[in-house]
file work00.tsv (TSV, C-alpha atoms and all ligand atoms)
chain	number	residue	atom	x	y	z
A	193	MET	CA	0.00	0.00	0.00
A	194	ALA	CA	1.38	3.44	-0.92
A	195	ILE	CA	0.25	6.66	0.71
A	196	PRO	CA	0.39	9.42	-1.93
A	197	ASP	CA	1.76	12.90	-1.13
A	198	CYS	CA	-1.17	14.38	0.82
A	199	THR	CA	-2.39	17.46	2.57
A	200	ALA	CA	-5.09	17.97	5.21
A	201	TYR	CA	-8.11	19.54	3.51
A	202	THR	CA	-11.33	20.55	5.27
A	203	GLU	CA	-14.68	19.99	3.57
A	204	GLY	CA	-17.80	20.90	5.54
A	205	SER	CA	-16.50	20.33	9.06
A	206	THR	CA	-14.52	17.18	8.24
A	207	VAL	CA	-10.78	16.95	7.74
A	208	LEU	CA	-9.74	14.80	4.77
A	209	PHE	CA	-6.30	13.66	3.70
A	210	VAL	CA	-6.25	14.49	0.01
A	211	PRO	CA	-3.48	13.88	-2.56
A	212	ARG	CA	-1.95	17.24	-3.49
A	213	ALA	CA	-2.07	16.22	-7.15
A	214	SER	CA	-5.88	15.89	-7.14
A	215	LEU	CA	-6.27	19.37	-5.63
A	216	GLU	CA	-3.93	20.79	-8.26
A	217	GLY	CA	-5.80	19.12	-11.12
A	218	GLY	CA	-3.03	16.59	-11.82
A	219	ARG	CA	-3.11	12.79	-12.02
A	220	SER	CA	-3.51	11.18	-8.63
A	221	PRO	CA	-3.38	7.53	-7.53
A	222	VAL	CA	-6.50	8.14	-5.41
A	223	PHE	CA	-9.59	9.88	-6.76
A	224	PHE	CA	-10.85	13.14	-5.26
A	225	ASN	CA	-12.84	15.91	-6.96
A	226	LYS	CA	-13.39	18.98	-4.82
A	227	ARG	CA	-16.16	20.14	-7.21
A	228	GLY	CA	-18.23	17.23	-5.91
A	229	CYS	CA	-18.53	18.94	-2.51
A	230	LEU	CA	-22.06	20.16	-3.34
A	231	THR	CA	-23.22	16.59	-3.89
A	232	ARG	CA	-21.62	15.60	-0.59
A	233	ASP	CA	-23.33	18.52	1.20
A	234	ILE	CA	-26.63	17.12	-0.03
A	235	SER	CA	-25.71	13.59	1.12
A	236	VAL	CA	-24.99	14.97	4.60
A	237	LEU	CA	-28.24	16.97	4.74
A	238	LEU	CA	-30.22	13.94	3.61
A	239	ALA	CA	-28.52	11.60	6.09
A	240	ARG	CA	-29.28	14.02	8.93
A	241	ARG	CA	-32.90	14.38	7.90
A	242	THR	CA	-33.53	10.65	7.33
A	243	LYS	CA	-31.69	9.76	10.56
A	244	VAL	CA	-29.29	7.30	9.01
A	245	ASP	CA	-27.64	4.75	11.32
A	246	THR	CA	-25.89	2.55	8.78
A	247	PHE	CA	-24.33	3.89	5.57
A	248	LEU	CA	-22.43	2.02	2.87
A	249	ASP	CA	-20.20	4.22	0.70
A	250	VAL	CA	-19.41	1.42	-1.70
A	251	MET	CA	-17.08	3.33	-4.04
A	252	CYS	CA	-15.79	5.79	-1.51
A	253	GLY	CA	-12.53	7.02	-3.07
A	254	LEU	CA	-10.67	8.56	-0.14
A	255	GLY	CA	-13.90	8.46	1.84
A	256	ALA	CA	-15.04	12.08	1.57
A	257	ARG	CA	-18.77	11.32	1.47
A	258	GLY	CA	-18.95	8.55	4.04
A	259	LEU	CA	-16.62	10.35	6.45
A	260	ARG	CA	-18.68	13.53	6.23
A	261	VAL	CA	-21.85	11.51	6.90
A	262	ALA	CA	-20.12	9.90	9.91
A	263	ASN	CA	-18.86	13.20	11.26
A	264	GLU	CA	-21.58	15.68	10.28
A	265	ALA	CA	-24.69	13.47	10.33
A	266	ARG	CA	-23.51	11.32	13.27
A	267	ALA	CA	-24.33	8.02	11.59
A	268	GLU	CA	-23.44	5.08	13.84
A	269	ARG	CA	-21.97	2.58	11.42
A	270	ILE	CA	-20.30	3.61	8.18
A	271	VAL	CA	-18.72	1.13	5.81
A	272	LEU	CA	-16.17	2.65	3.44
A	273	ASN	CA	-15.25	0.47	0.51
A	274	ASP	CA	-13.11	1.03	-2.56
A	275	ILE	CA	-11.36	-1.38	-4.87
A	276	ASN	CA	-8.25	0.79	-4.59
A	277	PRO	CA	-6.48	-0.06	-1.30
A	278	ASP	CA	-4.54	3.23	-1.39
A	279	ALA	CA	-7.86	5.06	-1.23
A	280	ILE	CA	-8.84	3.05	1.84
A	281	ALA	CA	-5.50	3.82	3.49
A	282	LEU	CA	-6.26	7.55	3.18
A	283	ALA	CA	-9.83	7.03	4.41
A	284	TYR	CA	-8.42	5.29	7.49
A	285	LEU	CA	-6.06	8.19	8.26
A	286	SER	CA	-8.88	10.73	7.86
A	287	ALA	CA	-11.25	8.76	10.11
A	288	ARG	CA	-8.54	8.74	12.81
A	289	GLU	CA	-7.90	12.47	12.36
A	290	ASN	CA	-11.61	13.21	12.96
A	291	ASN	CA	-11.77	10.81	15.95
A	292	LEU	CA	-14.49	8.81	14.26
A	293	THR	CA	-15.48	5.48	15.76
A	294	GLY	CA	-17.91	3.17	14.00
A	295	VAL	CA	-16.18	3.44	10.62
A	296	GLU	CA	-15.27	0.14	8.93
A	297	PHE	CA	-12.93	-0.24	5.95
A	298	GLN	CA	-13.04	-2.74	3.11
A	299	SER	CA	-11.42	-3.08	-0.27
A	300	GLU	CA	-13.67	-5.32	-2.36
A	301	GLY	CA	-15.17	-5.18	-5.82
A	302	ALA	CA	-18.43	-3.29	-5.32
A	303	ASN	CA	-20.69	-5.90	-6.90
A	304	ALA	CA	-19.33	-8.68	-4.70
A	305	LEU	CA	-19.86	-6.64	-1.54
A	306	LEU	CA	-23.30	-5.36	-2.54
A	307	ALA	CA	-24.56	-8.82	-3.45
A	308	LEU	CA	-24.09	-9.93	0.17
A	309	GLY	CA	-26.90	-7.57	1.19
A	310	ASP	CA	-30.46	-8.33	2.08
A	311	TYR	CA	-33.59	-6.14	2.25
A	312	ARG	CA	-34.18	-7.06	5.92
A	313	GLU	CA	-30.70	-6.33	7.17
A	314	GLY	CA	-29.40	-4.02	4.48
A	315	TYR	CA	-28.04	-0.55	5.07
A	316	ASP	CA	-30.17	2.50	5.82
A	317	THR	CA	-28.35	4.18	2.93
A	318	VAL	CA	-26.25	2.78	0.12
A	319	ASP	CA	-24.35	5.31	-1.99
A	320	LEU	CA	-23.20	4.24	-5.45
A	321	ASP	CA	-20.74	6.69	-6.99
A	322	PRO	CA	-18.72	5.03	-9.77
A	323	TYR	CA	-16.63	6.45	-12.57
A	324	GLY	CA	-19.09	6.97	-15.42
A	325	THR	CA	-22.09	4.68	-15.51
A	326	PRO	CA	-23.66	3.04	-12.44
A	327	ALA	CA	-25.63	0.62	-14.64
A	328	PRO	CA	-23.59	-2.57	-13.88
A	329	PHE	CA	-23.99	-2.03	-10.10
A	330	VAL	CA	-27.56	-0.84	-9.63
A	331	SER	CA	-29.21	-4.25	-9.27
A	332	ASN	CA	-26.83	-5.34	-6.50
A	333	ALA	CA	-27.04	-1.94	-4.79
A	334	VAL	CA	-30.79	-2.53	-4.45
A	335	LEU	CA	-30.04	-5.83	-2.70
A	336	SER	CA	-27.91	-4.07	-0.09
A	337	THR	CA	-30.45	-1.38	0.82
A	338	ARG	CA	-33.01	-2.24	3.47
A	339	SER	CA	-36.72	-1.76	2.84
A	340	GLY	CA	-37.40	1.75	4.15
A	341	GLY	CA	-33.85	2.85	3.35
A	342	VAL	CA	-32.37	5.20	0.77
A	343	LEU	CA	-30.43	4.26	-2.35
A	344	ALA	CA	-28.27	7.00	-3.88
A	345	VAL	CA	-27.11	6.53	-7.46
A	346	CYS	CA	-24.73	8.83	-9.28
A	347	ALA	CA	-23.89	8.81	-12.99
A	348	THR	CA	-21.23	10.88	-14.70
A	349	ASP	CA	-21.74	9.38	-18.15
A	350	GLY	CA	-23.78	12.36	-19.31
A	351	ALA	CA	-22.63	11.83	-22.90
A	352	ASN	CA	-24.44	8.48	-22.86
A	353	LEU	CA	-27.53	9.60	-20.95
A	354	CYS	CA	-27.97	12.76	-23.04
A	355	GLY	CA	-27.98	10.76	-26.25
A	356	ASN	CA	-24.60	11.81	-27.65
A	357	ARG	CA	-23.56	8.14	-27.69
A	358	PRO	CA	-26.78	6.33	-28.67
A	359	LYS	CA	-25.25	2.84	-28.85
A	360	ALA	CA	-23.82	3.08	-25.33
A	361	LEU	CA	-27.16	4.43	-24.06
A	362	GLU	CA	-28.98	1.48	-25.61
A	363	ARG	CA	-26.45	-1.05	-24.27
A	364	LEU	CA	-26.27	0.31	-20.71
A	365	TYR	CA	-29.79	1.58	-20.05
A	366	ALA	CA	-31.84	-0.02	-22.86
A	367	ALA	CA	-32.99	3.50	-23.76
A	368	PHE	CA	-32.77	6.22	-26.39
A	369	ASN	CA	-32.56	10.02	-26.16
A	370	ARG	CA	-33.16	12.05	-29.32
A	371	ASP	CA	-34.53	15.02	-27.38
A	372	ARG	CA	-32.67	18.23	-28.21
A	373	MET	CA	-34.66	20.80	-26.22
A	374	SER	CA	-34.16	19.30	-22.74
A	375	LYS	CA	-31.71	16.47	-23.23
A	376	LYS	CA	-30.21	16.72	-19.74
A	377	GLU	CA	-33.60	16.26	-18.10
A	378	THR	CA	-34.39	13.39	-20.46
A	379	GLY	CA	-31.04	11.85	-19.53
A	380	LEU	CA	-31.74	12.18	-15.80
A	381	ARG	CA	-35.21	10.72	-16.28
A	382	ILE	CA	-33.74	7.78	-18.23
A	383	LEU	CA	-31.42	7.08	-15.30
A	384	VAL	CA	-34.31	7.29	-12.81
A	385	GLY	CA	-36.46	5.01	-14.97
A	386	PHE	CA	-33.60	2.51	-15.19
A	387	VAL	CA	-33.25	2.36	-11.40
A	388	VAL	CA	-37.03	2.03	-10.94
A	389	ARG	CA	-37.10	-0.90	-13.39
A	390	SER	CA	-34.01	-2.57	-11.90
A	391	ALA	CA	-35.37	-2.32	-8.35
A	392	ALA	CA	-38.77	-3.68	-9.38
A	393	ILE	CA	-37.07	-6.92	-10.50
A	394	HIS	CA	-36.20	-7.45	-6.81
A	395	GLY	CA	-39.72	-6.52	-5.67
A	396	MET	CA	-38.39	-3.17	-4.42
A	397	ALA	CA	-40.27	0.02	-5.18
A	398	ALA	CA	-37.64	2.74	-5.68
A	399	ARG	CA	-39.46	6.06	-5.32
A	400	PRO	CA	-37.36	9.02	-6.52
A	401	VAL	CA	-37.21	11.64	-3.77
A	402	LEU	CA	-34.31	13.88	-4.79
A	403	CYS	CA	-32.87	13.81	-8.30
A	404	TYR	CA	-30.80	16.55	-9.85
A	405	ASN	CA	-28.07	17.42	-12.29
A	406	TYR	CA	-25.05	19.42	-11.22
A	407	GLY	CA	-22.21	19.81	-13.71
A	408	GLU	CA	-21.18	16.32	-14.74
A	409	TYR	CA	-23.16	14.71	-11.90
A	410	PHE	CA	-26.54	13.13	-12.47
A	411	ARG	CA	-27.53	12.24	-8.91
A	412	CYS	CA	-30.66	10.42	-7.78
A	413	HIS	CA	-31.90	9.38	-4.35
A	414	PHE	CA	-34.64	6.79	-3.97
A	415	SER	CA	-36.72	5.73	-1.00
A	416	LEU	CA	-36.98	1.93	-1.13
A	417	GLU	CA	-39.98	-0.14	-0.09
A	418	ARG	CA	-40.44	-3.87	-0.55
A	419	SER	CA	-43.91	-4.03	-2.09
A	420	SER	CA	-45.00	-5.41	-5.45
A	421	SER	CA	-48.08	-3.16	-5.61
A	422	ALA	CA	-45.89	-0.09	-5.00
A	423	CYS	CA	-43.58	-1.39	-7.77
A	424	SER	CA	-46.51	-1.55	-10.18
A	425	ASN	CA	-47.54	2.01	-9.33
A	426	LEU	CA	-44.03	3.25	-10.06
A	427	LEU	CA	-43.67	1.20	-13.25
A	428	ASN	CA	-46.88	2.82	-14.51
A	429	ARG	CA	-44.99	6.10	-14.48
A	430	VAL	CA	-42.13	4.83	-16.63
A	431	GLY	CA	-42.87	5.77	-20.23
A	432	TYR	CA	-41.71	7.96	-23.11
A	433	LEU	CA	-41.35	11.64	-23.97
A	434	VAL	CA	-43.50	12.44	-27.01
A	435	GLY	CA	-44.25	16.15	-26.66
A	436	CYS	CA	-46.65	16.53	-29.59
A	437	GLU	CA	-49.81	18.63	-29.23
A	438	HIS	CA	-51.78	15.59	-27.90
A	439	THR	CA	-49.37	13.76	-25.64
A	440	TYR	CA	-46.64	14.92	-23.36
A	441	TYR	CA	-45.46	11.74	-21.67
A	442	SER	CA	-46.87	8.49	-23.00
A	443	ALA	CA	-46.92	4.83	-21.98
A	444	ALA	CA	-46.22	3.92	-25.63
A	445	PRO	CA	-43.18	5.13	-27.61
A	446	TYR	CA	-45.50	7.18	-29.90
A	447	CYS	CA	-48.59	9.37	-29.77
A	448	THR	CA	-51.72	7.26	-30.16
A	449	VAL	CA	-53.50	10.15	-31.97
A	450	CYS	CA	-51.00	11.51	-34.53
A	451	HIS	CA	-48.44	8.64	-34.30
A	452	ALA	CA	-45.55	11.05	-33.64
A	453	SER	CA	-42.56	9.06	-32.40
A	454	ALA	CA	-41.19	9.51	-28.92
A	455	SER	CA	-37.93	11.41	-28.61
A	456	GLY	CA	-36.73	9.62	-25.48
A	457	GLY	CA	-37.34	6.72	-23.12
A	458	PRO	CA	-38.04	4.58	-21.37
A	459	LEU	CA	-37.89	7.28	-18.71
A	460	TRP	CA	-39.41	8.34	-15.43
A	461	THR	CA	-42.42	10.60	-16.09
A	462	GLY	CA	-43.27	11.45	-12.47
A	463	GLY	CA	-41.80	14.06	-10.13
A	464	LEU	CA	-38.05	14.23	-9.69
A	465	CYS	CA	-38.12	15.49	-6.10
A	466	ASP	CA	-40.31	15.21	-3.03
A	467	ALA	CA	-41.30	18.84	-2.35
A	468	VAL	CA	-41.65	18.33	1.41
A	469	LEU	CA	-38.20	16.74	1.67
A	470	VAL	CA	-36.56	19.49	-0.39
A	471	GLY	CA	-38.21	22.11	1.86
A	472	GLU	CA	-36.87	20.34	4.94
A	473	LEU	CA	-33.34	20.12	3.52
A	474	LEU	CA	-33.50	23.79	2.66
A	475	GLY	CA	-34.47	24.64	6.23
A	476	ASP	CA	-31.65	22.45	7.57
A	477	ALA	CA	-29.12	23.96	5.16
A	478	GLY	CA	-29.19	27.24	7.04
A	479	ARG	CA	-28.07	25.48	10.22
A	480	THR	CA	-25.26	23.42	8.65
A	481	THR	CA	-21.64	24.07	7.68
A	482	LEU	CA	-21.89	23.58	3.94
A	483	ALA	CA	-18.85	23.17	1.72
A	484	SER	CA	-20.34	24.68	-1.43
A	485	ARG	CA	-21.86	28.14	-1.72
A	486	TYR	CA	-24.21	26.77	-4.38
A	487	THR	CA	-25.88	24.04	-2.29
A	488	THR	CA	-28.62	26.30	-0.92
A	489	SER	CA	-29.36	27.92	-4.29
A	490	LEU	CA	-29.61	24.51	-5.95
A	491	LEU	CA	-32.11	23.37	-3.29
A	492	GLU	CA	-34.05	26.62	-3.75
A	493	GLU	CA	-34.32	26.01	-7.49
A	494	LEU	CA	-35.39	22.41	-6.94
A	495	ALA	CA	-38.04	23.61	-4.50
A	496	CYS	CA	-39.43	26.07	-7.08
A	497	GLU	CA	-39.54	23.71	-10.02
A	498	CYS	CA	-40.30	20.36	-8.45
A	499	SER	CA	-44.08	20.67	-8.56
A	500	MET	CA	-43.95	21.31	-12.33
A	501	ASN	CA	-43.81	18.07	-14.23
A	502	PHE	CA	-43.02	19.55	-17.64
A	503	GLN	CA	-39.64	19.32	-19.28
A	504	TYR	CA	-37.68	22.53	-19.48
A	505	ILE	CA	-37.51	24.73	-22.58
A	506	ASP	CA	-34.15	26.11	-23.61
A	507	LEU	CA	-34.84	29.68	-24.75
A	508	PRO	CA	-31.87	30.16	-27.14
A	509	LEU	CA	-32.72	26.82	-28.76
A	510	LEU	CA	-36.41	27.74	-29.05
A	511	MET	CA	-35.61	31.09	-30.67
A	512	LYS	CA	-32.83	29.78	-32.92
A	513	ASN	CA	-33.53	30.46	-36.60
A	514	THR	CA	-36.48	32.76	-35.79
A	515	GLY	CA	-34.49	35.95	-36.30
A	516	ALA	CA	-35.64	37.18	-32.88
A	517	SER	CA	-33.19	37.65	-30.04
A	518	VAL	CA	-33.58	35.98	-26.64
A	519	PRO	CA	-35.07	38.18	-23.91
A	520	LYS	CA	-34.15	38.05	-20.22
A	521	LYS	CA	-35.28	34.79	-18.70
A	522	SER	CA	-36.93	36.51	-15.73
A	523	SER	CA	-39.04	38.66	-18.10
A	524	VAL	CA	-40.23	35.57	-19.98
A	525	ILE	CA	-41.21	33.91	-16.69
A	526	LEU	CA	-43.17	37.01	-15.58
A	527	GLY	CA	-44.77	37.36	-19.03
A	528	LEU	CA	-46.00	33.75	-18.92
A	529	ARG	CA	-47.29	34.14	-15.37
A	530	ASP	CA	-49.21	37.27	-16.44
A	531	LEU	CA	-50.94	35.09	-19.04
A	532	GLY	CA	-51.95	32.63	-16.32
A	533	TYR	CA	-49.32	29.95	-16.98
A	534	ARG	CA	-47.00	28.47	-14.42
A	535	ALA	CA	-43.34	29.24	-15.04
A	536	SER	CA	-40.05	29.04	-13.17
A	537	SER	CA	-36.34	28.82	-13.78
A	538	THR	CA	-34.77	25.36	-13.75
A	539	HIS	CA	-31.61	24.03	-12.15
A	540	PHE	CA	-30.75	22.20	-15.38
A	541	SER	CA	-29.74	25.30	-17.31
A	542	HIS	CA	-29.51	29.03	-16.71
A	543	THR	CA	-30.87	29.69	-20.21
A	544	ALA	CA	-33.97	27.52	-19.78
A	545	ILE	CA	-37.38	27.79	-18.12
A	546	ARG	CA	-39.95	25.31	-16.91
A	547	THR	CA	-43.56	26.07	-17.79
A	548	ASP	CA	-46.89	24.51	-18.66
A	549	ALA	CA	-47.28	26.98	-21.55
A	550	PRO	CA	-47.07	25.50	-25.07
A	551	ARG	CA	-43.85	26.30	-26.94
A	552	THR	CA	-45.76	28.50	-29.39
A	553	ILE	CA	-46.87	30.74	-26.51
A	554	VAL	CA	-43.34	30.87	-25.03
A	555	ALA	CA	-41.98	31.90	-28.45
A	556	LYS	CA	-44.71	34.56	-28.79
A	557	VAL	CA	-43.87	36.02	-25.36
A	558	CYS	CA	-40.17	36.06	-26.33
A	559	ARG	CA	-40.92	37.86	-29.59
A	560	GLU	CA	-43.12	40.44	-27.86
A	561	LEU	CA	-40.45	41.12	-25.26
A	562	THR	CA	-37.73	41.75	-27.81
A	563	GLY	CA	-40.07	43.92	-29.88
A	601	LIG	C1	-15.99	8.68	-8.63
A	601	LIG	S1	-14.90	7.89	-7.53
A	601	LIG	C2	-15.74	7.97	-6.00
A	601	LIG	C3	-15.80	9.32	-5.38
A	601	LIG	C4	-16.27	9.40	-3.97
A	601	LIG	N1	-17.53	8.70	-3.76
A	601	LIG	C5	-16.37	10.86	-3.54
A	601	LIG	O1	-17.47	11.37	-3.23
A	601	LIG	O2	-15.32	11.52	-3.53
A	601	LIG	C6	-15.09	6.21	-7.98
A	601	LIG	C7	-14.31	5.25	-7.11
A	601	LIG	O3	-14.75	3.93	-7.44
A	601	LIG	C8	-13.67	3.05	-7.27
A	601	LIG	N2	-14.00	1.83	-8.01
A	601	LIG	C9	-13.99	1.66	-9.36
A	601	LIG	N3	-14.46	0.42	-9.67
A	601	LIG	C10	-14.79	-0.17	-8.48
A	601	LIG	C11	-15.35	-1.43	-8.15
A	601	LIG	N4	-15.68	-2.32	-9.10
A	601	LIG	N5	-15.56	-1.70	-6.85
A	601	LIG	C12	-15.24	-0.81	-5.87
A	601	LIG	N6	-14.71	0.40	-6.14
A	601	LIG	C13	-14.50	0.72	-7.42
A	601	LIG	C14	-12.46	3.81	-7.78
A	601	LIG	O4	-11.25	3.33	-7.22
A	601	LIG	C15	-12.80	5.26	-7.32
A	601	LIG	O5	-12.17	5.57	-6.11
A	602	ZN	ZN	-49.82	13.58	-31.21

call {"tool": "encode", "arguments": {"input": "work00.tsv", "output": "structure tokens"}}
result
Amino acid sequence: MAIPDCTAYTEGSTVLFVPRASLEGGRSPVFFNKRGCLTRDISVLLARRTKVDTFLDVMCGLGARGLRVANEARAERIVLNDINPDAIALAYLSARENNLTGVEFQSEGANALLALGDYREGYDTVDLDPYGTPAPFVSNAVLSTRSGGVLAVCATDGANLCGNRPKALERLYAAFNRDRMSKKETGLRILVGFVVRSAAIHGMAARPVLCYNYGEYFRCHFSLERSSSACSNLLNRVGYLVGCEHTYYSAAPYCTVCHASASGGPLWTGGLCDAVLVGELLGDAGRTTLASRYTTSLLEELACECSMNFQYIDLPLLMKNTGASVPKKSSVILGLRDLGYRASSTHFSHTAIRTDAPRTIVAKVCRELTG
């Protein structure tokens, strides 16, 4: 085992031993990305709110997430696992530095470790945070999460999910994404739909409670319940994005009226976040030492948009080739609200809005605003 050249680095209120090279953007024998601190803030807030006792960080890197949950959410038993033993050596040093008891260390292949789990005695939370796609691990991660627990799944293969690599998307998620207007949301919904379908195979209903995109991270949290009727209810909300004038989301990959083909799916067509939970996390955020100054604003945006189950509209894309320029987003939102439509910004893109207004109306409001 080799300990790389490290420095003590504080994230939230936890001290981590981090390879200097990873902080300086160089190649490092142990993975650490400080930009991921927002996602770890959210893991801590969620663990505090859901009162997590046992937490499996199955691809922990140097342990940043699991150690912060141990230290800042006071979870009792944390298992840190990574296939890279050098990563585990650093996690061990950091746990000692923070005087954490109740942290266990393993260095196994994730699938082997996860497959030992059981819905009765599984973890309160399992966090799956691989390089790229989580697809090969999701089924086993479900096995390791107890009924009533939380499964967190992260994907950084946005190129696949957003449809830029259609063959990989088909192979990994059995899905397609030809949507151009809101491809990130379609990608996130494909990931959610994939987890819902994979969990249902084990009789586990995986209800999405907090799903978002931040930079390269597509992060989803599911509340798990062992119930075949709950599985059926969730599976009924896995369908396709059509978006013609008759059908928005559809159970079939086409509109049954005009036969327009779907532009993406299978995907989750229900809500991406539980509004009550997001409100609670937002309240808690003010009382917590957060590592990222964007965590609160992301939660605020999720709170605003989560009751609107319409895909976002990218304004520059909508107005492309019309000859009209793109007005200020806030003016478009106010203009649509004046007409009686619901409208908000969206966390997916700072140039996009979420609204129940048809695209023709959004374009008309844009044209009127730019004169
Ligand atoms: C994206 S990093 C994890 C980052 C970490 N969760 C964090 O928040 O900083 C992915 C980690 O997965 C580990 N890994 C890759 N394949 C694995 C496998 N099959 N089983 C266990 N760990 C694996 C890598 O060594 C790497 O440390
Ligand atoms: Zn139609």

call {"tool": "closest_residue", "arguments": {"input": "work00.tsv", "among": "A:Cys447, A:Ala360, A:Leu282, A:Cys198", "to": "ligand LIG 601 (chain A)", "atoms": "only C-alpha atoms and all ligand atoms"}}
result
A:Leu282

call {"tool": "residues_near_ligand", "arguments": {"input": "work00.tsv", "ligand": "ligand ZN 602 (chain A)", "cutoff": "7 Å", "atoms": "all atoms listed in the file", "output": "list in words"}}
result
Cys436, Glu437, His438, Thr439, Cys447, Thr448, Val449, Cys450, His451 and Ala452 of chain A

call {"tool": "closest_residue", "arguments": {"input": "work00.tsv", "among": "A:Gly350, A:Pro445, A:Gly314, A:Pro322", "to": "ligand LIG 601 (chain A)", "atoms": "all atoms listed in the file"}}
result
A:Pro322

call {"tool": "residues_around", "arguments": {"input": "work00.tsv", "residues": "Pro277 (chain A)", "least_positions_apart": "2", "cutoff": "12 Å", "atoms": "all atoms listed in the file", "output": "JSON list (two decimals) with C-alpha atoms, in the frame of the given file"}}
result
[["chain", "number", "residue", "atom", "x", "y", "z"],
["A", 193, "MET", "CA", 0.00, 0.00, 0.00],
["A", 194, "ALA", "CA", 1.38, 3.44, -0.92],
["A", 195, "ILE", "CA", 0.25, 6.66, 0.71],
["A", 196, "PRO", "CA", 0.39, 9.42, -1.93],
["A", 221, "PRO", "CA", -3.38, 7.53, -7.53],
["A", 222, "VAL", "CA", -6.50, 8.14, -5.41],
["A", 223, "PHE", "CA", -9.59, 9.88, -6.76],
["A", 251, "MET", "CA", -17.08, 3.33, -4.04],
["A", 252, "CYS", "CA", -15.79, 5.79, -1.51],
["A", 253, "GLY", "CA", -12.53, 7.02, -3.07],
["A", 254, "LEU", "CA", -10.67, 8.56, -0.14],
["A", 255, "GLY", "CA", -13.90, 8.46, 1.84],
["A", 272, "LEU", "CA", -16.17, 2.65, 3.44],
["A", 273, "ASN", "CA", -15.25, 0.47, 0.51],
["A", 274, "ASP", "CA", -13.11, 1.03, -2.56],
["A", 275, "ILE", "CA", -11.36, -1.38, -4.87],
["A", 279, "ALA", "CA", -7.86, 5.06, -1.23],
["A", 280, "ILE", "CA", -8.84, 3.05, 1.84],
["A", 281, "ALA", "CA", -5.50, 3.82, 3.49],
["A", 282, "LEU", "CA", -6.26, 7.55, 3.18],
["A", 283, "ALA", "CA", -9.83, 7.03, 4.41],
["A", 284, "TYR", "CA", -8.42, 5.29, 7.49],
["A", 297, "PHE", "CA", -12.93, -0.24, 5.95],
["A", 298, "GLN", "CA", -13.04, -2.74, 3.11],
["A", 299, "SER", "CA", -11.42, -3.08, -0.27],
["A", 300, "GLU", "CA", -13.67, -5.32, -2.36],
["A", 301, "GLY", "CA", -15.17, -5.18, -5.82]]

call {"tool": "atom_distance", "arguments": {"input": "work00.tsv", "atom1": "CA of Leu402 (chain A)", "atom2": "CA of Cys465 (chain A)"}}
result
4.3 Å

call {"tool": "residues_around", "arguments": {"input": "work00.tsv", "residues": "region 339-347 of chain A", "least_positions_apart": "4", "cutoff": "6 Å", "atoms": "only C-alpha atoms", "output": "PyMOL selection string"}}
result
chain A and resi 311+316-321+324-326+410-418

call {"tool": "atom_distance", "arguments": {"input": "work00.tsv", "atom1": "CA of Arg338 (chain A)", "atom2": "CA of Val244 (chain A)"}}
result
11.6 Å

call {"tool": "build_atoms", "arguments": {"input": "work00.tsv", "residues": "region 525-536 of chain A", "atoms": "N, CA and C atoms", "output": "CSV table (one decimal), in the coordinates of the input"}}
result
chain,number,residue,atom,x,y,z
A,525,ILE,N,-40.5,34.6,-17.8
A,525,ILE,CA,-41.2,33.9,-16.7
A,525,ILE,C,-42.4,34.8,-16.2
A,526,LEU,N,-42.1,36.1,-16.0
A,526,LEU,CA,-43.2,37.0,-15.6
A,526,LEU,C,-44.2,37.1,-16.7
A,527,GLY,N,-43.8,37.2,-17.9
A,527,GLY,CA,-44.8,37.4,-19.0
A,527,GLY,C,-45.7,36.2,-19.1
A,528,LEU,N,-45.2,35.0,-18.9
A,528,LEU,CA,-46.0,33.8,-18.9
A,528,LEU,C,-46.9,33.7,-17.7
A,529,ARG,N,-46.4,34.1,-16.6
A,529,ARG,CA,-47.3,34.1,-15.4
A,529,ARG,C,-48.4,35.1,-15.5
A,530,ASP,N,-48.2,36.3,-16.2
A,530,ASP,CA,-49.2,37.3,-16.4
A,530,ASP,C,-50.3,36.7,-17.3
A,531,LEU,N,-49.9,35.7,-18.2
A,531,LEU,CA,-50.9,35.1,-19.0
A,531,LEU,C,-51.6,33.9,-18.3
A,532,GLY,N,-51.3,33.7,-17.1
A,532,GLY,CA,-52.0,32.6,-16.3
A,532,GLY,C,-51.2,31.3,-16.3
A,533,TYR,N,-50.1,31.2,-17.0
A,533,TYR,CA,-49.3,30.0,-17.0
A,533,TYR,C,-48.4,29.9,-15.8
A,534,ARG,N,-48.0,28.6,-15.5
A,534,ARG,CA,-47.0,28.5,-14.4
A,534,ARG,C,-45.6,28.5,-15.1
A,535,ALA,N,-44.7,29.1,-14.4
A,535,ALA,CA,-43.3,29.2,-15.0
A,535,ALA,C,-42.3,29.5,-14.0
A,536,SER,N,-41.1,28.8,-14.1
A,536,SER,CA,-40.0,29.0,-13.2
A,536,SER,C,-38.7,28.8,-13.9
